[in-house]
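Trainee: As input, take entry33.cif (mmCIF, C-alpha atoms):
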data_query
loop_
_atom_site.label_atom_id
_atom_site.label_comp_id
_atom_site.auth_asym_id
_atom_site.auth_seq_id
_atom_site.Cartn_x
_atom_site.Cartn_y
_atom_site.Cartn_z
CA MET A 24 -2.65 -17.99 57.38
CA ALA A 25 -5.08 -20.00 55.26
CA PHE A 26 -8.40 -19.09 53.64
CA SER A 27 -10.60 -20.52 50.89
CA ILE A 28 -11.50 -18.85 47.57
CA ARG A 29 -14.05 -20.67 45.41
CA GLY A 30 -13.10 -24.02 46.88
CA VAL A 31 -9.34 -23.47 46.46
CA THR A 32 -7.28 -23.14 49.63
CA LYS A 33 -4.76 -20.32 49.45
CA ARG A 34 -1.97 -20.25 52.00
CA VAL A 35 0.01 -17.14 52.85
CA LYS A 36 3.15 -17.30 54.96
CA ALA A 37 4.31 -14.01 56.49
CA PHE A 38 7.53 -13.40 58.37
CA ALA A 39 9.92 -10.57 59.06
CA VAL A 40 13.07 -10.45 56.94
CA PRO A 41 16.10 -9.86 59.19
CA ARG A 42 18.01 -6.60 58.83
CA VAL A 43 21.56 -5.86 59.89
CA GLU A 44 23.29 -2.60 60.79
CA CYS A 45 26.88 -1.66 60.05
CA ARG A 46 28.63 -0.55 63.25
CA ASP A 47 31.02 1.69 61.37
CA CYS A 48 28.68 3.69 59.13
CA GLY A 49 25.29 2.85 60.59
CA ALA A 50 23.85 1.65 57.25
CA LEU A 51 20.94 -0.78 57.39
CA ARG A 52 20.83 -3.74 55.00
CA GLN A 53 18.20 -6.44 54.48
CA LEU A 54 19.54 -9.98 54.44
CA ALA A 55 19.11 -11.88 51.19
CA ILE A 56 16.71 -14.80 51.30
CA ARG A 57 17.23 -17.86 49.14
CA PHE A 58 13.67 -18.69 48.22
CA ALA A 59 12.56 -15.30 46.79
CA ASP A 60 13.91 -12.33 44.87
CA ARG A 61 13.88 -8.85 46.34
CA ARG A 62 10.80 -6.64 46.06
CA VAL A 63 8.45 -9.36 44.77
CA SER A 64 5.43 -11.00 46.37
CA TYR A 65 6.09 -14.58 45.23
CA THR A 66 8.71 -17.27 45.82
CA LYS A 67 11.14 -18.73 43.30
CA SER A 68 9.28 -22.04 43.30
CA PHE A 69 6.03 -20.18 42.49
CA GLN A 70 7.88 -18.40 39.71
CA ARG A 71 9.17 -21.68 38.23
CA TYR A 72 5.68 -23.17 38.38
CA ALA A 73 4.16 -20.14 36.62
CA LEU A 74 6.79 -20.32 33.86
CA GLU A 75 6.15 -24.01 33.35
CA LEU A 76 2.41 -23.38 33.02
CA SER A 77 3.13 -20.54 30.59
CA LYS A 78 4.48 -23.07 28.07
CA TYR A 79 0.97 -24.45 27.62
CA MET A 80 -1.40 -21.67 28.75
CA THR A 81 -2.04 -17.99 28.13
CA ILE A 82 -1.12 -15.34 30.69
CA LYS A 83 -4.78 -14.88 31.53
CA ASP A 84 -5.33 -18.60 32.12
CA VAL A 85 -2.19 -18.96 34.27
CA ALA A 86 -3.22 -15.96 36.37
CA ARG A 87 -6.73 -17.37 36.85
CA HIS A 88 -5.37 -20.80 37.80
CA LEU A 89 -2.89 -19.37 40.35
CA ARG A 90 -5.33 -16.76 41.71
CA VAL A 91 -3.03 -13.83 40.98
CA SER A 92 -3.30 -10.82 38.72
CA TRP A 93 -2.39 -10.78 35.03
CA ASP A 94 0.40 -8.29 35.85
CA VAL A 95 2.12 -10.74 38.20
CA ILE A 96 2.41 -13.45 35.55
CA LYS A 97 3.53 -10.92 32.96
CA GLU A 98 6.19 -9.64 35.37
CA ILE A 99 7.45 -13.20 35.92
CA GLN A 100 7.70 -13.82 32.18
CA LYS A 101 9.49 -10.52 31.51
CA GLY A 102 11.98 -11.21 34.28
CA ASP A 103 12.72 -14.66 32.87
CA LEU A 104 13.29 -13.27 29.38
CA GLN A 105 15.54 -10.53 30.74
CA ARG A 106 17.69 -13.04 32.63
CA ARG A 107 17.99 -15.38 29.66
CA PHE A 108 18.34 -12.93 26.78
CA GLY A 109 19.02 -9.49 28.28
CA LYS A 110 22.74 -9.55 27.53
CA PRO A 111 23.51 -12.33 25.04
CA LYS A 112 27.14 -13.31 24.58
CA LEU A 113 28.67 -12.07 21.34
CA LYS A 114 32.02 -13.85 21.20
CA HIS A 115 30.64 -16.75 19.14
CA LEU A 116 28.99 -14.56 16.49
CA ARG A 117 30.05 -15.29 12.91
CA GLN A 118 27.14 -14.26 10.67
CA ILE A 119 24.70 -11.49 11.56
CA ALA A 120 21.77 -9.67 9.96
CA ILE A 121 20.80 -6.04 10.58
CA ASP A 122 17.27 -4.79 10.00
CA GLU A 123 14.78 -2.27 11.33
CA ILE A 124 11.18 -2.65 12.43
CA SER A 125 8.50 -0.11 13.27
CA THR A 126 6.23 -0.16 16.30
CA SER A 127 3.42 2.04 17.60
CA LYS A 128 1.80 2.34 14.16
CA GLY A 129 5.08 3.14 12.44
CA HIS A 130 6.07 6.10 14.61
CA VAL A 131 8.77 4.31 16.63
CA TYR A 132 11.66 2.42 15.03
CA LEU A 133 13.90 -0.29 16.45
CA THR A 134 17.10 -1.65 14.91
CA ILE A 135 17.53 -5.40 15.31
CA VAL A 136 20.74 -7.44 15.06
CA LEU A 137 20.20 -11.16 14.54
CA ASP A 138 22.56 -14.11 14.87
CA LEU A 139 21.93 -15.96 11.61
CA GLU A 140 23.31 -19.26 12.90
CA SER A 141 21.17 -19.53 16.03
CA GLY A 142 18.31 -17.18 15.11
CA ALA A 143 18.74 -15.27 18.40
CA VAL A 144 18.30 -11.51 18.66
CA VAL A 145 21.59 -10.15 20.04
CA HIS A 146 20.84 -6.42 19.98
CA VAL A 147 17.86 -4.08 19.96
CA GLY A 148 18.63 -0.42 19.42
CA ARG A 149 16.22 2.50 19.61
CA GLY A 150 15.79 4.36 16.35
CA LYS A 151 17.09 3.47 12.93
CA GLY A 152 20.32 3.96 11.06
CA GLY A 153 23.91 3.82 12.23
CA ASP A 154 23.34 5.61 15.55
CA ALA A 155 21.14 2.76 16.82
CA LEU A 156 24.11 0.38 16.48
CA GLU A 157 26.70 2.30 18.51
CA ASP A 158 26.19 0.25 21.70
CA PHE A 159 26.36 -2.96 19.69
CA TRP A 160 29.73 -2.06 18.12
CA ILE A 161 31.17 -1.34 21.59
CA ARG A 162 30.03 -4.71 22.94
CA LEU A 163 31.20 -6.47 19.79
CA ARG A 164 34.73 -5.06 20.08
CA ARG A 165 34.92 -6.12 23.73
CA SER A 166 33.80 -9.65 22.84
CA ARG A 167 36.49 -9.96 20.12
CA ALA A 168 34.02 -11.80 17.91
CA GLN A 169 35.21 -12.65 14.39
CA ILE A 170 32.33 -11.55 12.15
CA GLN A 171 32.58 -13.17 8.72
CA ALA A 172 29.52 -11.75 7.00
CA VAL A 173 26.69 -9.24 7.51
CA ALA A 174 23.30 -9.27 5.79
CA THR A 175 21.42 -6.00 5.52
CA ASP A 176 19.29 -3.94 3.18
CA MET A 177 20.73 -1.33 0.81
CA SER A 178 20.43 1.50 3.33
CA PRO A 179 23.48 3.81 3.06
CA ALA A 180 23.49 4.22 6.85
CA TYR A 181 23.87 0.47 7.45
CA ILE A 182 26.39 0.09 4.62
CA ASP A 183 28.57 2.85 6.08
CA ALA A 184 28.29 1.46 9.60
CA VAL A 185 29.29 -2.06 8.54
CA SER A 186 32.12 -0.79 6.33
CA THR A 187 33.49 1.30 9.21
CA HIS A 188 33.24 -1.19 12.06
CA LEU A 189 33.59 -4.50 10.15
CA PRO A 190 35.77 -3.70 7.14
CA ASN A 191 36.84 -7.33 6.67
CA ALA A 192 33.33 -8.80 6.80
CA THR A 193 31.44 -9.84 3.68
CA LEU A 194 28.50 -7.52 3.03
CA VAL A 195 25.39 -9.24 1.65
CA PHE A 196 22.13 -7.77 0.40
CA ASP A 197 19.48 -10.44 0.82
CA ARG A 198 16.82 -11.10 -1.78
CA PHE A 199 13.85 -10.05 0.33
CA HIS A 200 15.07 -6.52 0.96
CA VAL A 201 16.33 -5.96 -2.58
CA ILE A 202 13.05 -7.03 -4.21
CA LYS A 203 10.96 -5.20 -1.60
CA LEU A 204 12.82 -1.97 -2.31
CA TYR A 205 12.32 -2.36 -6.05
CA ASN A 206 8.63 -3.18 -5.57
CA ASP A 207 8.23 0.09 -3.67
CA LYS A 208 9.69 1.97 -6.64
CA LEU A 209 7.47 0.01 -9.03
CA SER A 210 4.37 0.96 -7.03
CA GLU A 211 5.41 4.62 -7.10
CA LEU A 212 5.77 4.44 -10.87
CA ARG A 213 2.33 2.86 -11.29
CA ARG A 214 0.78 5.53 -9.10
CA ALA A 215 2.41 8.35 -11.07
CA LEU A 216 1.34 6.86 -14.40
CA TYR A 217 -2.21 6.46 -13.12
CA HIS A 218 -2.47 10.18 -12.31
CA GLN A 219 -1.11 11.10 -15.74
CA LEU A 220 -3.66 9.11 -17.71
CA LYS A 221 -6.71 10.89 -19.09
CA ASP A 222 -8.65 7.91 -20.42
CA THR A 223 -10.96 6.48 -17.74
CA THR A 224 -10.77 2.92 -19.12
CA GLN A 225 -6.99 2.90 -19.03
CA LYS A 226 -7.00 4.31 -15.50
CA ASN A 227 -9.31 1.53 -14.33
CA VAL A 228 -7.07 -1.09 -15.92
CA LEU A 229 -4.00 0.35 -14.20
CA LYS A 230 -5.77 0.76 -10.88
CA GLY A 231 -6.63 -2.92 -10.63
CA VAL A 232 -3.13 -4.31 -11.15
CA ARG A 233 -1.29 -2.92 -8.14
CA TRP A 234 -0.83 -6.29 -6.44
CA LEU A 235 -0.47 -8.18 -9.72
CA LEU A 236 2.69 -6.22 -10.50
CA LEU A 237 4.25 -7.44 -7.27
CA LYS A 238 3.47 -11.11 -7.85
CA ARG A 239 5.75 -13.55 -9.61
CA PRO A 240 4.24 -14.79 -12.92
CA GLU A 241 3.88 -18.33 -11.60
CA HIS A 242 1.78 -17.06 -8.69
CA LEU A 243 -0.86 -15.33 -10.84
CA ASP A 244 -4.29 -16.94 -10.51
CA PRO A 245 -5.75 -17.96 -13.91
CA THR A 246 -9.20 -18.53 -12.40
CA ARG A 247 -9.39 -14.78 -11.64
CA ASN A 248 -7.94 -13.77 -15.02
CA GLU A 249 -4.91 -12.28 -13.33
CA PRO A 250 -2.44 -13.12 -16.16
CA GLN A 251 -4.75 -11.52 -18.76
CA ARG A 252 -5.36 -8.40 -16.64
CA LEU A 253 -1.65 -7.88 -16.07
CA GLU A 254 -0.84 -8.41 -19.74
CA GLU A 255 -3.43 -5.82 -20.76
CA ALA A 256 -2.07 -3.25 -18.30
CA LEU A 257 1.50 -3.78 -19.51
CA ARG A 258 0.40 -3.55 -23.16
CA LEU A 259 -1.23 -0.17 -22.55
CA ASN A 260 1.78 1.32 -20.75
CA GLU A 261 5.32 0.81 -22.06
CA PRO A 262 7.21 2.44 -19.13
CA LEU A 263 5.36 0.27 -16.63
CA ALA A 264 6.00 -2.84 -18.75
CA THR A 265 9.72 -2.10 -18.90
CA ALA A 266 9.92 -1.62 -15.13
CA TYR A 267 7.98 -4.85 -14.55
CA TYR A 268 10.23 -6.94 -16.79
CA LEU A 269 13.27 -5.42 -15.09
CA LYS A 270 11.91 -6.78 -11.81
CA GLU A 271 11.56 -10.25 -13.28
CA GLU A 272 15.10 -10.14 -14.65
CA LEU A 273 16.31 -9.05 -11.24
CA ASN A 274 14.63 -12.06 -9.65
CA GLU A 275 16.54 -14.34 -11.99
CA ILE A 276 19.80 -13.39 -10.30
CA TRP A 277 18.95 -15.52 -7.26
CA GLU A 278 17.87 -18.44 -9.47
CA GLN A 279 21.40 -18.95 -10.81
CA ASP A 280 23.49 -21.92 -9.77
CA ASP A 281 26.58 -20.01 -8.63
CA GLU A 282 27.99 -16.58 -7.88
CA GLU A 283 29.81 -16.29 -11.21
CA SER A 284 26.63 -16.82 -13.25
CA ALA A 285 24.67 -14.43 -11.04
CA GLN A 286 27.27 -11.71 -11.38
CA ALA A 287 27.41 -12.14 -15.17
CA LEU A 288 23.61 -11.83 -15.41
CA LEU A 289 23.55 -8.79 -13.14
CA MET A 290 26.29 -7.00 -15.07
CA GLU A 291 24.63 -7.78 -18.40
CA GLY A 292 21.33 -6.33 -17.22
CA LEU A 293 22.90 -3.24 -15.66
CA TYR A 294 24.95 -2.56 -18.77
CA GLN A 295 21.94 -3.03 -21.05
CA PHE A 296 19.68 -0.66 -19.13
CA LEU A 297 22.16 1.90 -17.83
CA CYS A 298 25.02 2.18 -20.30
CA GLN A 299 23.73 1.66 -23.84
CA PRO A 300 22.60 4.96 -25.46
CA SER A 301 20.52 3.05 -28.02
CA GLY A 302 18.35 1.64 -25.26
CA VAL A 303 17.60 4.88 -23.44
CA ARG A 304 14.18 5.31 -25.01
CA TYR A 305 13.06 1.99 -23.51
CA LEU A 306 13.96 2.94 -19.97
CA PRO A 307 11.02 3.61 -17.62
CA TRP A 308 12.73 6.75 -16.32
CA SER A 309 13.22 8.29 -19.79
CA SER A 310 9.90 10.16 -19.48
CA GLY A 311 11.41 12.37 -16.75
CA MET A 312 8.86 11.50 -14.05
CA ARG A 313 10.14 11.68 -10.49
CA PRO A 314 9.27 8.07 -9.47
CA SER A 315 11.04 6.85 -12.61
CA LYS A 316 14.14 8.77 -11.61
CA ARG A 317 14.01 6.95 -8.31
CA ILE A 318 14.11 3.64 -10.18
CA ALA A 319 17.11 4.89 -12.14
CA LYS A 320 18.79 5.86 -8.87
CA TRP A 321 17.99 2.43 -7.47
CA PHE A 322 19.67 0.70 -10.42
CA LYS A 323 22.72 2.91 -10.07
CA ALA A 324 22.91 1.84 -6.43
CA CYS A 325 22.73 -1.79 -7.59
CA PHE A 326 25.69 -1.13 -9.86
CA GLN A 327 27.66 0.50 -7.05
CA TRP A 328 26.98 -2.34 -4.60
CA ARG A 329 26.70 -5.20 -7.12
CA ILE A 330 29.15 -7.36 -5.19
CA GLY A 331 26.83 -7.34 -2.18
CA LEU A 332 24.03 -8.75 -4.33
CA VAL A 333 25.94 -11.79 -5.56
CA HIS A 334 27.63 -12.57 -2.23
CA PHE A 335 24.38 -14.35 -1.44
CA PHE A 336 25.84 -17.38 -3.21
CA ASP A 337 28.80 -17.68 -0.87
CA ALA A 338 28.78 -21.17 0.68
CA SER A 339 29.14 -19.68 4.15
CA TRP A 340 25.67 -18.16 3.83
CA ILE A 341 23.76 -21.43 3.95
CA ALA A 342 22.40 -20.23 7.32
CA MET A 343 20.35 -17.58 5.50
#
The structure given in the file should be rewritten as structure tokens.
Mentor:
Amino acid sequence: MAFSIRGVTKRVKAFAVPRVECRDCGALRQLAIRFADRRVSYTKSFQRYALELSKYMTIKDVARHLRVSWDVIKEIQKGDLQRRFGKPKLKHLRQIAIDEISTSKGHVYLTIVLDLESGAVVHVGRGKGGDALEDFWIRLRRSRAQIQAVATDMSPAYIDAVSTHLPNATLVFDRFHVIKLYNDKLSELRRALYHQLKDTTQKNVLKGVRWLLLKRPEHLDPTRNEPQRLEEALRLNEPLATAYYLKEELNEIWEQDDEESAQALLMEGLYQFLCQPSGVRYLPWSSGMRPSKRIAKWFKACFQWRIGLVHFFDASWIAM
């Protein structure tokens, strides 16, 4: 059958697929055909052509070019991804990272496991926390993979899961997650201090430095007076200034040349701000505000898991 659409000749070949019947049980079965998958309206050669075009064109453009619907091309792409990455092999895994992402405007969470050497996603679990990794641990045991190290955030659920299932692996807290977590606590502190202030001028100064507090000093824009604005806000509020300088000291850990220097710097800072009674009045959580207590709790967690912070310098983690 052949017909023309807008000057393009489209050919359709129709034939009956043979069926066979079992003489013993009477079951009917359709014979497999080599040139097409079951329950699809296109051949394997058409599928390969569509995938090749998809390397250079959008789904909409490929569908328009091949005179098929957008859904057909999307179905072809999804099937290809499922065949190639649906069940990745785990036996060669050595270094992995565990993280969570949110979808559907933050209401649905997925837990992702990443192969740090190849960059491939090897597991996607629904939800967050240790429960989302149960299927992955089962597959990992069956593969007999020798995991050397695991990168994750400081979530107790992930820490417990890794400690239980991979007790011999090196646990690493990467810089991004550690600083992000502290920045969240710093923003909470700024917000609480803002609501406590009575002076309108001081409130305006504090309100305009939210993003400046999260920037590194070298990234402040002098043309917009960002260094001066941040300095003024820190001068007017001692608890906020202390928390900000703690963040900068924390960043210095990853600027050290080796693990020994990083651990010495971390221990010095933790001892100075957590253990010395003479320094209590300078702590941002000494005022008793709830967000400040969260910062204190965060630093105590750093002390508990301090080894995970400095394992970043292990030579085997070049892949990170």
Trainee: Using all atoms listed in the file, I'd like a table of the residues in range 242-283 of chain A that come within 12 Å of range 201-212 of chain A; for each, show the closest atom pair and its distance in Å rounded to one decimal, ordered by chain and ascending number, as a tab-separated table.
Mentor:
residue	atom	partner	partner_atom	distance
A:Asn260	CA	A:Leu212	CA	11.1
A:Glu261	CA	A:Leu212	CA	11.8
A:Pro262	CA	A:Leu212	CA	8.6
A:Leu263	CA	A:Leu212	CA	7.1
A:Ala264	CA	A:Leu209	CA	10.2
A:Thr265	CA	A:Leu209	CA	10.3
A:Ala266	CA	A:Leu209	CA	6.8
A:Tyr267	CA	A:Leu209	CA	7.4
A:Tyr268	CA	A:Leu209	CA	10.8
A:Leu269	CA	A:Tyr205	CA	9.6
A:Lys270	CA	A:Tyr205	CA	7.3
A:Glu271	CA	A:Ile202	CA	9.7
A:Glu272	CA	A:Ile202	CA	11.1
A:Leu273	CA	A:Ile202	CA	8.0
A:Asn274	CA	A:Ile202	CA	7.6
A:Glu275	CA	A:Ile202	CA	11.2
A:Ile276	CA	A:Ile202	CA	11.1
A:Trp277	CA	A:Ile202	CA	10.8
Trainee: What residues have an atom no more than 12 Å from (36.6, -10.2, 21.1) in the file's own frame, counting all atoms listed in the file, and can you write them as a PyMOL selection string?
Mentor: chain A and resi 112-117+160-170
Trainee: Using all atoms listed in the file, find the one residue out of A:Lys36, A:Lys151, A:Arg214, A:Lys226 that sits nearest to Ser64 in chain A.
Mentor: A:Lys36
Trainee: Taking (13.4, -19.4, 41.0) in the file's coordinates as the center, which residues reach within 12 Å of it, counting all atoms listed in the file, put as a list in words?
Mentor: Ile56, Arg57, Phe58, Ala59, Asp60, Arg61, Val63, Tyr65, Thr66, Lys67, Ser68, Phe69, Gln70, Arg71, Tyr72, Ala73, Leu74, Glu75, Ile99, Gln100, Gly102, Asp103 and Arg106 of chain A
Trainee: Could you give me, as a PyMOL selection string, the residues within 9 Å of Thr134 in chain A, counting all atoms listed in the file and dropping anything in the same chain fewer than 6 positions from it?
Mentor: chain A and resi 121-125+146-152+155-156
Trainee: May I have the centre and edge lengths, in Å to one decimal, of an axis-aligned box around the listed atoms of range 146-158 of chain A with 5 Å added to every side, as JSON?
Mentor:
{"center_x": 21.2, "center_y": -0.4, "center_z": 16.4, "size_x": 20.9, "size_y": 22.0, "size_z": 20.6}
Trainee: Report as a PDB file with C-alpha atoms, keeping the file's coordinate frame the residues that result from applying the PyMOL selection byres ((chain A and resi 83) around 12) to the structure here.
Mentor:
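Output (expr.pdb):
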ATOM      1  CA  ALA A  73       4.160 -20.140  36.620  1.00  0.00           C
ATOM      2  CA  LEU A  76       2.410 -23.380  33.020  1.00  0.00           C
ATOM      3  CA  SER A  77       3.130 -20.540  30.590  1.00  0.00           C
ATOM      4  CA  TYR A  79       0.970 -24.450  27.620  1.00  0.00           C
ATOM      5  CA  MET A  80      -1.400 -21.670  28.750  1.00  0.00           C
ATOM      6  CA  THR A  81      -2.040 -17.990  28.130  1.00  0.00           C
ATOM      7  CA  ILE A  82      -1.120 -15.340  30.690  1.00  0.00           C
ATOM      8  CA  ASP A  84      -5.330 -18.600  32.120  1.00  0.00           C
ATOM      9  CA  VAL A  85      -2.190 -18.960  34.270  1.00  0.00           C
ATOM     10  CA  ALA A  86      -3.220 -15.960  36.370  1.00  0.00           C
ATOM     11  CA  ARG A  87      -6.730 -17.370  36.850  1.00  0.00           C
ATOM     12  CA  HIS A  88      -5.370 -20.800  37.800  1.00  0.00           C
ATOM     13  CA  LEU A  89      -2.890 -19.370  40.350  1.00  0.00           C
ATOM     14  CA  ARG A  90      -5.330 -16.760  41.710  1.00  0.00           C
ATOM     15  CA  VAL A  91      -3.030 -13.830  40.980  1.00  0.00           C
ATOM     16  CA  SER A  92      -3.300 -10.820  38.720  1.00  0.00           C
ATOM     17  CA  TRP A  93      -2.390 -10.780  35.030  1.00  0.00           C
ATOM     18  CA  ASP A  94       0.400  -8.290  35.850  1.00  0.00           C
ATOM     19  CA  VAL A  95       2.120 -10.740  38.200  1.00  0.00           C
ATOM     20  CA  ILE A  96       2.410 -13.450  35.550  1.00  0.00           C
ATOM     21  CA  LYS A  97       3.530 -10.920  32.960  1.00  0.00           C
TER      22      LYS A  97
END
Trainee: Taking the file as shown, find all residues satisfying the PyMOL selection byres ((chain A and resi 53) around 12) and write them as an MDAnalysis selection string.
Mentor: chainID A and resid 39:45 50:52 54:56 61:62
Trainee: Please indicate the distance in Å from CA of Asn248 in chain A to CA of Thr224 in chain A, rounded to one decimal place.
Mentor: 17.4 Å
Trainee: On this file, the PyMOL selection byres ((chain A and resi 191) around 12) gives some set of residues; write that set as a ChimeraX atom specification.
Mentor: /A:169-173,185-190,192-194
Trainee: Which is closer to Ala174 in chain A than all the others in A:Leu243, A:Leu237, A:Cys48, A:Ile135, using all atoms listed in the file?
Mentor: A:Ile135
Trainee: With only C-alpha atoms as the basis for distance, which of A:Ala120, A:Val228, A:Ala184, A:Leu137 is at the shortest distance from Arg258 in chain A?
Mentor: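 Among the listed residues, A:Val228 lies closest to Arg258 in chain A.
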Trainee: To one decimal place, how far is CA of Gln118 in chain A from CA of Phe196 in chain A in Å?
Mentor: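 Taking CA of Gln118 in chain A and CA of Phe196 in chain A, their separation equals 13.1 Å.
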Trainee: Work out how far apart CA of Gln279 in chain A and CA of Ser141 in chain A are and give it in Å to one decimal.
Mentor: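 Atom-to-atom, CA of Gln279 in chain A and CA of Ser141 in chain A are spaced 26.8 Å apart.
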Trainee: Go through A:Val131, A:Val145, A:Ile119, A:Gly109 and flag the residue nearest Thr175 in chain A, using all atoms listed in the file for the distances.
Mentor: A:Ile119
Trainee: Using all atoms listed in the file, can you tell me which of A:Ser284, A:Asp154, A:Ala256, A:Arg239 comes closest to Asp183 in chain A?
Mentor: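 Among the listed residues, A:Asp154 lies closest to Asp183 in chain A.
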